[in-house]
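First comes the structure, then the notes that go with it.
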Amino acid sequence: MIAVKEAPKMDTQEKLTRAQKPSADAMKLHPFYRGKIETVPKACIRSLDDFAIWYTPGVAAPCRAIEKNPELVYEYTNKWNTVAIVSDGTRVLGLGDIGPKAGLPVMEGKALLFKWLGGVDAVPIMLDTKDPDEIIHTVLMLQPAFGGVNLEDISQPKCFRVLDTLREKAEIPIWHDDQQGTACVTLAGLINALRIVGKPIGEVRIVFVGSGASNVAISRLCFKAGVDPAKCIVVDSQGILHAKRQDIFLRRAEYVDKWRLCQMTNAEGRQGGIAEALVGADVCIALSQPGPGTIRPEWVARMGPDAIVFACANPTPEIWPWEAEAAGVRIIATGRSDFPNQVNNSLGFPGIFRGALDVRAKTITDEMCIAAAAAIAAAAPDDGLNPECILPTMIEWEVYAREAVAVGLKAQEQGLARVRLSADELFGQASEMILRSRRLTEMMMETGLIAEPPTE
């Protein structure tokens with residue numbers, strides 16, 4: 001067993017202070033800007049005469065053209081580059097069911113990231129319902145105006161049915177970022193973490209702490225990418241999943257995915273909680289109750305050599321990174337930008353949607369997500385790949401263009417694309433859209449159209 005070292009008291013306090021700063025700044029800047037996104041024209045307005053082109057009477061001509069050929073809507077409107085961010089506010093960033101109004105700041109932030117990172121125009125749509133059938137119906141009714149839909153912060157188990165039903169019925173890509181986005185970026189981080197410690201993906205023992213939408217999707221994608229489910233353990237709020245869990249068996253029709261995990265994981269039949277599950281594990285992937293203290297240092301100290309821990313609860317990880325390091329963990333990742341190794345959906349969804357939109361994909365498959373994960377992992381600098389650098393950062397814009405290429409090519413390979421583009425064409429179009437967004441934001445900051453934030 002690895003001895004647990006105590007981190008210096010002053011260092012810990014400094015880190016805690018830094019960890020609390022983003023929340024304090026957010027309370028100052030959100031009311032200062034009164035929102036994070038706005039709508040601006042993209043067509044020229046040279047004089048009042050141009051309104052006759054963009055609106056009546058001129059607009060009737062493209063309307064008639066689209067009526068005759070509905071696919072022209074992608075050529076004559078911004079549908080090709082517009083995504084709806086749809087949420088009912090029932091599972092918001094570790095805050096739980098705070099409702100659609102309280103969830104709106106998160107969706108506005110998501111829209112900002114879509115635009116700056118992927119050049120994608122996104123519209124937050126908060127729904128005043130918790131009924132999965134109403135959510136499904138609403139999204140299907142919204143299809144004509146959007147090129148894709150990003151489902152966000154919808155509680156389980158309904159989130160699984162909402163996603164699966166919409167992917168089956170919709171004619172545009174439907175994506176649940178808490179499932180597919182988290183899974184994609186986590187897999188990318190896992191690929192590079194295993195490269196550093198020199199462990200084959202098919203041989204590692206992974207403990208998934210939490211069995212919500214995120215970890216169910218992460219486990220599914222990891223298994224498709226080569227992880228052996230029999231070597232893995234999943235832990236929910238009641239303990240380790242195993243084939244004799246009667247509480248899950250009795251609700252197996254409702255918790256289909258959790259019951260499936262009971263049957264396909266934990267071949268040795270281990271029972272207990274997080275502490276028992278982590279003994280000898282190579283990797284811990286946690287998306288559960290926000291910490292600190294959800295996972296204890298003495299538990300991770302009992303993991304195998306060169307242990308890898310992904311503590312990705314928001315807004316506070318299940319264990320502080322410095323606690324995990326002191327307990328002997330080789331690589332620690334969290335969901336936060338103020339610590340090394342941020343495993344954040346923002347590395348995934350802008351580039352994935354960029355690629356899906358550019359080829360007009362009908363859906364986003366697991367294979368497209370795995371291709372995107374490989375592209376993200378490959379974008380991490382080889383010369384800088386180390387225990388504190390397992391993923392590229394969001395500032396490296398080319399990662400999103402590379403993802404777009406990987407997703408677009410995979411969609412074409414799977415026969416799901418309405419438009420065929422080469423790798424060079426995909427990279428060129430994605431680069432143009434992403435850099436345009438960044439230049440636009442920089443220009444607005446330089447000219448004062450985006451005001452300087454207050455200094456105090």
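Residue numbering restarts at 1 for every chain of the structure tokens, chains are lettered A, B, ... in their displayed order, and ligands are numbered from 1 as they appear.
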- Item | Residues within 12 Å of His242 (chain A), only C-alpha atoms, excluding chain neighbours under 3 positions, as a PyMOL selection string | chain A and resi 230+232-236+238-239+245-249+258-273+277
Any chance you can output those residues with N, CA, C and O atoms as a compact mmCIF listing (two decimals), in the first residue's frame?
```txt
# COMPACT_ATOMS: atom_id res chain seq x y z
N ALA A 230 -15.56 -6.90 -18.51
CA ALA A 230 -15.47 -7.88 -17.43
C ALA A 230 -14.45 -7.46 -16.38
O ALA A 230 -14.56 -7.83 -15.21
N CYS A 232 -13.95 -4.38 -15.48
CA CYS A 232 -14.35 -3.08 -14.95
C CYS A 232 -15.42 -3.23 -13.87
O CYS A 232 -16.13 -4.23 -13.80
N ILE A 233 -15.51 -2.19 -13.04
CA ILE A 233 -16.50 -2.13 -11.96
C ILE A 233 -17.20 -0.78 -12.04
O ILE A 233 -16.57 0.25 -12.27
N VAL A 234 -18.52 -0.80 -11.84
CA VAL A 234 -19.31 0.42 -11.79
C VAL A 234 -19.90 0.54 -10.38
O VAL A 234 -20.38 -0.44 -9.82
N VAL A 235 -19.84 1.76 -9.84
CA VAL A 235 -20.37 2.01 -8.49
C VAL A 235 -21.45 3.09 -8.57
O VAL A 235 -21.21 4.16 -9.15
N ASP A 236 -22.63 2.80 -8.02
CA ASP A 236 -23.65 3.84 -7.92
C ASP A 236 -23.80 4.26 -6.46
O ASP A 236 -22.98 3.88 -5.61
N GLN A 238 -25.60 3.27 -4.20
CA GLN A 238 -25.86 2.16 -3.28
C GLN A 238 -24.72 1.15 -3.22
O GLN A 238 -24.79 0.18 -2.49
N GLY A 239 -23.69 1.35 -4.04
CA GLY A 239 -22.56 0.45 -4.01
C GLY A 239 -22.20 -0.11 -5.38
O GLY A 239 -22.65 0.39 -6.42
N ARG A 245 -27.75 -7.54 -7.77
CA ARG A 245 -28.36 -6.32 -7.23
C ARG A 245 -29.87 -6.35 -7.45
O ARG A 245 -30.38 -5.98 -8.52
N GLN A 246 -30.63 -6.77 -6.45
CA GLN A 246 -32.07 -6.92 -6.58
C GLN A 246 -32.77 -5.58 -6.79
O GLN A 246 -33.80 -5.51 -7.47
N ASP A 247 -32.23 -4.49 -6.18
CA ASP A 247 -32.88 -3.19 -6.32
C ASP A 247 -32.91 -2.76 -7.78
O ASP A 247 -33.90 -2.17 -8.25
N ILE A 248 -31.87 -3.08 -8.53
CA ILE A 248 -31.82 -2.72 -9.95
C ILE A 248 -32.61 -3.73 -10.78
O ILE A 248 -33.30 -3.36 -11.73
N PHE A 249 -32.52 -5.01 -10.41
CA PHE A 249 -33.27 -6.05 -11.12
C PHE A 249 -34.77 -5.73 -11.12
O PHE A 249 -35.45 -5.87 -12.14
N LYS A 258 -28.34 0.51 -16.65
CA LYS A 258 -27.70 0.12 -15.39
C LYS A 258 -27.77 -1.39 -15.19
O LYS A 258 -26.80 -2.01 -14.74
N TRP A 259 -28.90 -2.00 -15.53
CA TRP A 259 -29.02 -3.45 -15.40
C TRP A 259 -28.08 -4.16 -16.38
O TRP A 259 -27.49 -5.19 -16.05
N ARG A 260 -27.93 -3.59 -17.56
CA ARG A 260 -26.99 -4.16 -18.53
C ARG A 260 -25.57 -4.14 -17.97
O ARG A 260 -24.82 -5.12 -18.10
N LEU A 261 -25.20 -3.03 -17.30
CA LEU A 261 -23.87 -2.94 -16.70
C LEU A 261 -23.71 -3.95 -15.55
O LEU A 261 -22.62 -4.47 -15.34
N CYS A 262 -24.79 -4.20 -14.82
CA CYS A 262 -24.72 -5.22 -13.75
C CYS A 262 -24.33 -6.58 -14.32
O CYS A 262 -23.62 -7.36 -13.67
N GLN A 263 -24.76 -6.85 -15.52
CA GLN A 263 -24.56 -8.16 -16.11
C GLN A 263 -23.23 -8.30 -16.85
O GLN A 263 -22.69 -9.40 -16.93
N MET A 264 -22.71 -7.21 -17.38
CA MET A 264 -21.54 -7.33 -18.25
C MET A 264 -20.23 -6.91 -17.57
O MET A 264 -19.15 -7.19 -18.09
N THR A 265 -20.31 -6.23 -16.43
CA THR A 265 -19.09 -5.80 -15.72
C THR A 265 -18.88 -6.65 -14.47
O THR A 265 -19.70 -7.51 -14.13
N ASN A 266 -17.74 -6.40 -13.78
CA ASN A 266 -17.49 -6.99 -12.47
C ASN A 266 -17.56 -8.52 -12.51
O ASN A 266 -18.31 -9.15 -11.75
N ALA A 267 -16.77 -9.12 -13.38
CA ALA A 267 -16.79 -10.58 -13.54
C ALA A 267 -16.43 -11.31 -12.25
O ALA A 267 -16.89 -12.43 -12.02
N GLU A 268 -15.63 -10.69 -11.40
CA GLU A 268 -15.24 -11.34 -10.15
C GLU A 268 -16.30 -11.24 -9.07
O GLU A 268 -16.17 -11.83 -7.99
N GLY A 269 -17.38 -10.48 -9.34
CA GLY A 269 -18.48 -10.38 -8.39
C GLY A 269 -18.16 -9.60 -7.14
O GLY A 269 -18.71 -9.86 -6.06
N ARG A 270 -17.28 -8.62 -7.24
CA ARG A 270 -16.90 -7.84 -6.07
C ARG A 270 -18.09 -7.03 -5.55
O ARG A 270 -18.91 -6.52 -6.33
N GLN A 271 -18.19 -6.89 -4.23
CA GLN A 271 -19.26 -6.12 -3.61
C GLN A 271 -18.66 -5.08 -2.65
O GLN A 271 -17.48 -5.14 -2.32
N GLY A 272 -19.48 -4.13 -2.25
CA GLY A 272 -19.02 -3.07 -1.36
C GLY A 272 -19.28 -1.71 -1.97
O GLY A 272 -20.24 -1.52 -2.72
N GLY A 273 -18.41 -0.76 -1.64
CA GLY A 273 -18.57 0.60 -2.14
C GLY A 273 -17.35 1.05 -2.92
O GLY A 273 -16.59 0.23 -3.45
N ALA A 277 -14.10 -1.09 -4.43
CA ALA A 277 -13.97 -1.15 -5.89
C ALA A 277 -12.59 -0.71 -6.36
O ALA A 277 -12.05 -1.24 -7.34
```
- Identify, on the basis of only C-alpha atoms, every residue whose closest approach to Ile332 (chain A) does not exceed 12 Å; exclude the query and any residue fewer than 5 positions from it along the same chain; express the result as a ChimeraX atom specification. /A:189-190,193,283-286,300,306-312,317-327,339-343,386-390
- Please identify which residues in region 122-371 of chain A DSSP calls helix (DSSP H, G or I) from the backbone, and express them as a PyMOL selection string. chain A and resi 132-145+158-169+177-197+213-224+229-231+246-249+256-264+274-278+297-300+321-326+345-347+349-358+366-371
- All strand (DSSP E) positions in region 286-407 of chain A, as a PyMOL selection string: chain A and resi 286+308-311+331-334
Go ahead and dump the residues you just picked, C-alpha atoms, as a PDB file, in the first residue's frame.
```pdb
ATOM      1  CA  ALA A 286     -15.660   9.499 -11.452  1.00  0.00           C
ATOM      2  CA  ILE A 308      -5.017   7.295 -13.201  1.00  0.00           C
ATOM      3  CA  VAL A 309      -7.921   9.243 -11.662  1.00  0.00           C
ATOM      4  CA  PHE A 310     -10.507  11.294 -13.536  1.00  0.00           C
ATOM      5  CA  ALA A 311     -12.430  13.231 -10.855  1.00  0.00           C
ATOM      6  CA  ILE A 331      -2.195  11.169 -13.375  1.00  0.00           C
ATOM      7  CA  ILE A 332      -5.128  13.212 -12.053  1.00  0.00           C
ATOM      8  CA  ALA A 333      -7.678  14.970 -14.264  1.00  0.00           C
ATOM      9  CA  THR A 334     -10.752  17.048 -13.378  1.00  0.00           C
TER      10      THR A 334
END
```
Determine, for each residue of region 279-367 of chain A having at least one atom at most 12 Å from an atom of region 417-430 of chain A, the closest pair of atoms and their separation in Å to one decimal, counting only C-alpha atoms; order by chain and ascending number, as a tab-separated table.
```
residue	atom	partner	partner_atom	distance
A:Pro350	CA	A:Ala430	CA	10.4
A:Gly351	CA	A:Ala430	CA	8.2
A:Ile352	CA	A:Ala430	CA	10.6
A:Phe353	CA	A:Ala430	CA	10.4
A:Arg354	CA	A:Ala430	CA	6.6
A:Gly355	CA	A:Leu426	CA	7.3
A:Ala356	CA	A:Ala417	CA	8.0
A:Leu357	CA	A:Ala417	CA	9.3
A:Asp358	CA	A:Leu426	CA	7.3
A:Val359	CA	A:Val419	CA	4.6
A:Arg360	CA	A:Arg418	CA	5.3
A:Ala361	CA	A:Ala417	CA	4.3
A:Lys362	CA	A:Ala417	CA	6.4
A:Thr363	CA	A:Ala417	CA	8.7
A:Ile364	CA	A:Ala417	CA	10.2
A:Thr365	CA	A:Ala417	CA	11.8
```
Write a file of the selected residues as a compact mmCIF listing (two decimals), in the first residue's frame, keeping N, CA and C atoms.
```txt
# COMPACT_ATOMS: atom_id res chain seq x y z
N PRO A 350 -17.93 21.37 -29.94
CA PRO A 350 -17.86 22.35 -31.04
C PRO A 350 -17.29 21.76 -32.33
N GLY A 351 -16.21 20.96 -32.21
CA GLY A 351 -15.61 20.36 -33.40
C GLY A 351 -16.45 19.24 -33.97
N ILE A 352 -17.10 18.46 -33.09
CA ILE A 352 -17.94 17.36 -33.56
C ILE A 352 -19.14 17.91 -34.33
N PHE A 353 -19.79 18.94 -33.79
CA PHE A 353 -20.90 19.54 -34.52
C PHE A 353 -20.42 20.24 -35.80
N ARG A 354 -19.22 20.84 -35.74
CA ARG A 354 -18.68 21.47 -36.94
C ARG A 354 -18.62 20.44 -38.09
N GLY A 355 -18.06 19.27 -37.80
CA GLY A 355 -17.96 18.24 -38.82
C GLY A 355 -19.30 17.70 -39.25
N ALA A 356 -20.21 17.47 -38.27
CA ALA A 356 -21.53 16.94 -38.60
C ALA A 356 -22.33 17.93 -39.45
N LEU A 357 -22.26 19.22 -39.11
CA LEU A 357 -22.98 20.23 -39.87
C LEU A 357 -22.42 20.39 -41.27
N ASP A 358 -21.10 20.33 -41.40
CA ASP A 358 -20.47 20.58 -42.69
C ASP A 358 -20.77 19.50 -43.72
N VAL A 359 -21.06 18.27 -43.26
CA VAL A 359 -21.44 17.20 -44.21
C VAL A 359 -22.93 16.91 -44.14
N ARG A 360 -23.66 17.72 -43.35
CA ARG A 360 -25.10 17.54 -43.15
C ARG A 360 -25.41 16.11 -42.72
N ALA A 361 -24.73 15.66 -41.68
CA ALA A 361 -24.91 14.30 -41.18
C ALA A 361 -26.33 14.13 -40.63
N LYS A 362 -26.86 12.92 -40.80
CA LYS A 362 -28.20 12.63 -40.32
C LYS A 362 -28.23 12.34 -38.82
N THR A 363 -27.10 11.90 -38.28
CA THR A 363 -27.00 11.61 -36.86
C THR A 363 -25.53 11.64 -36.47
N ILE A 364 -25.25 11.49 -35.18
CA ILE A 364 -23.87 11.40 -34.68
C ILE A 364 -23.74 10.05 -33.96
N THR A 365 -22.97 9.15 -34.53
CA THR A 365 -22.86 7.79 -34.02
C THR A 365 -21.72 7.66 -33.02
```
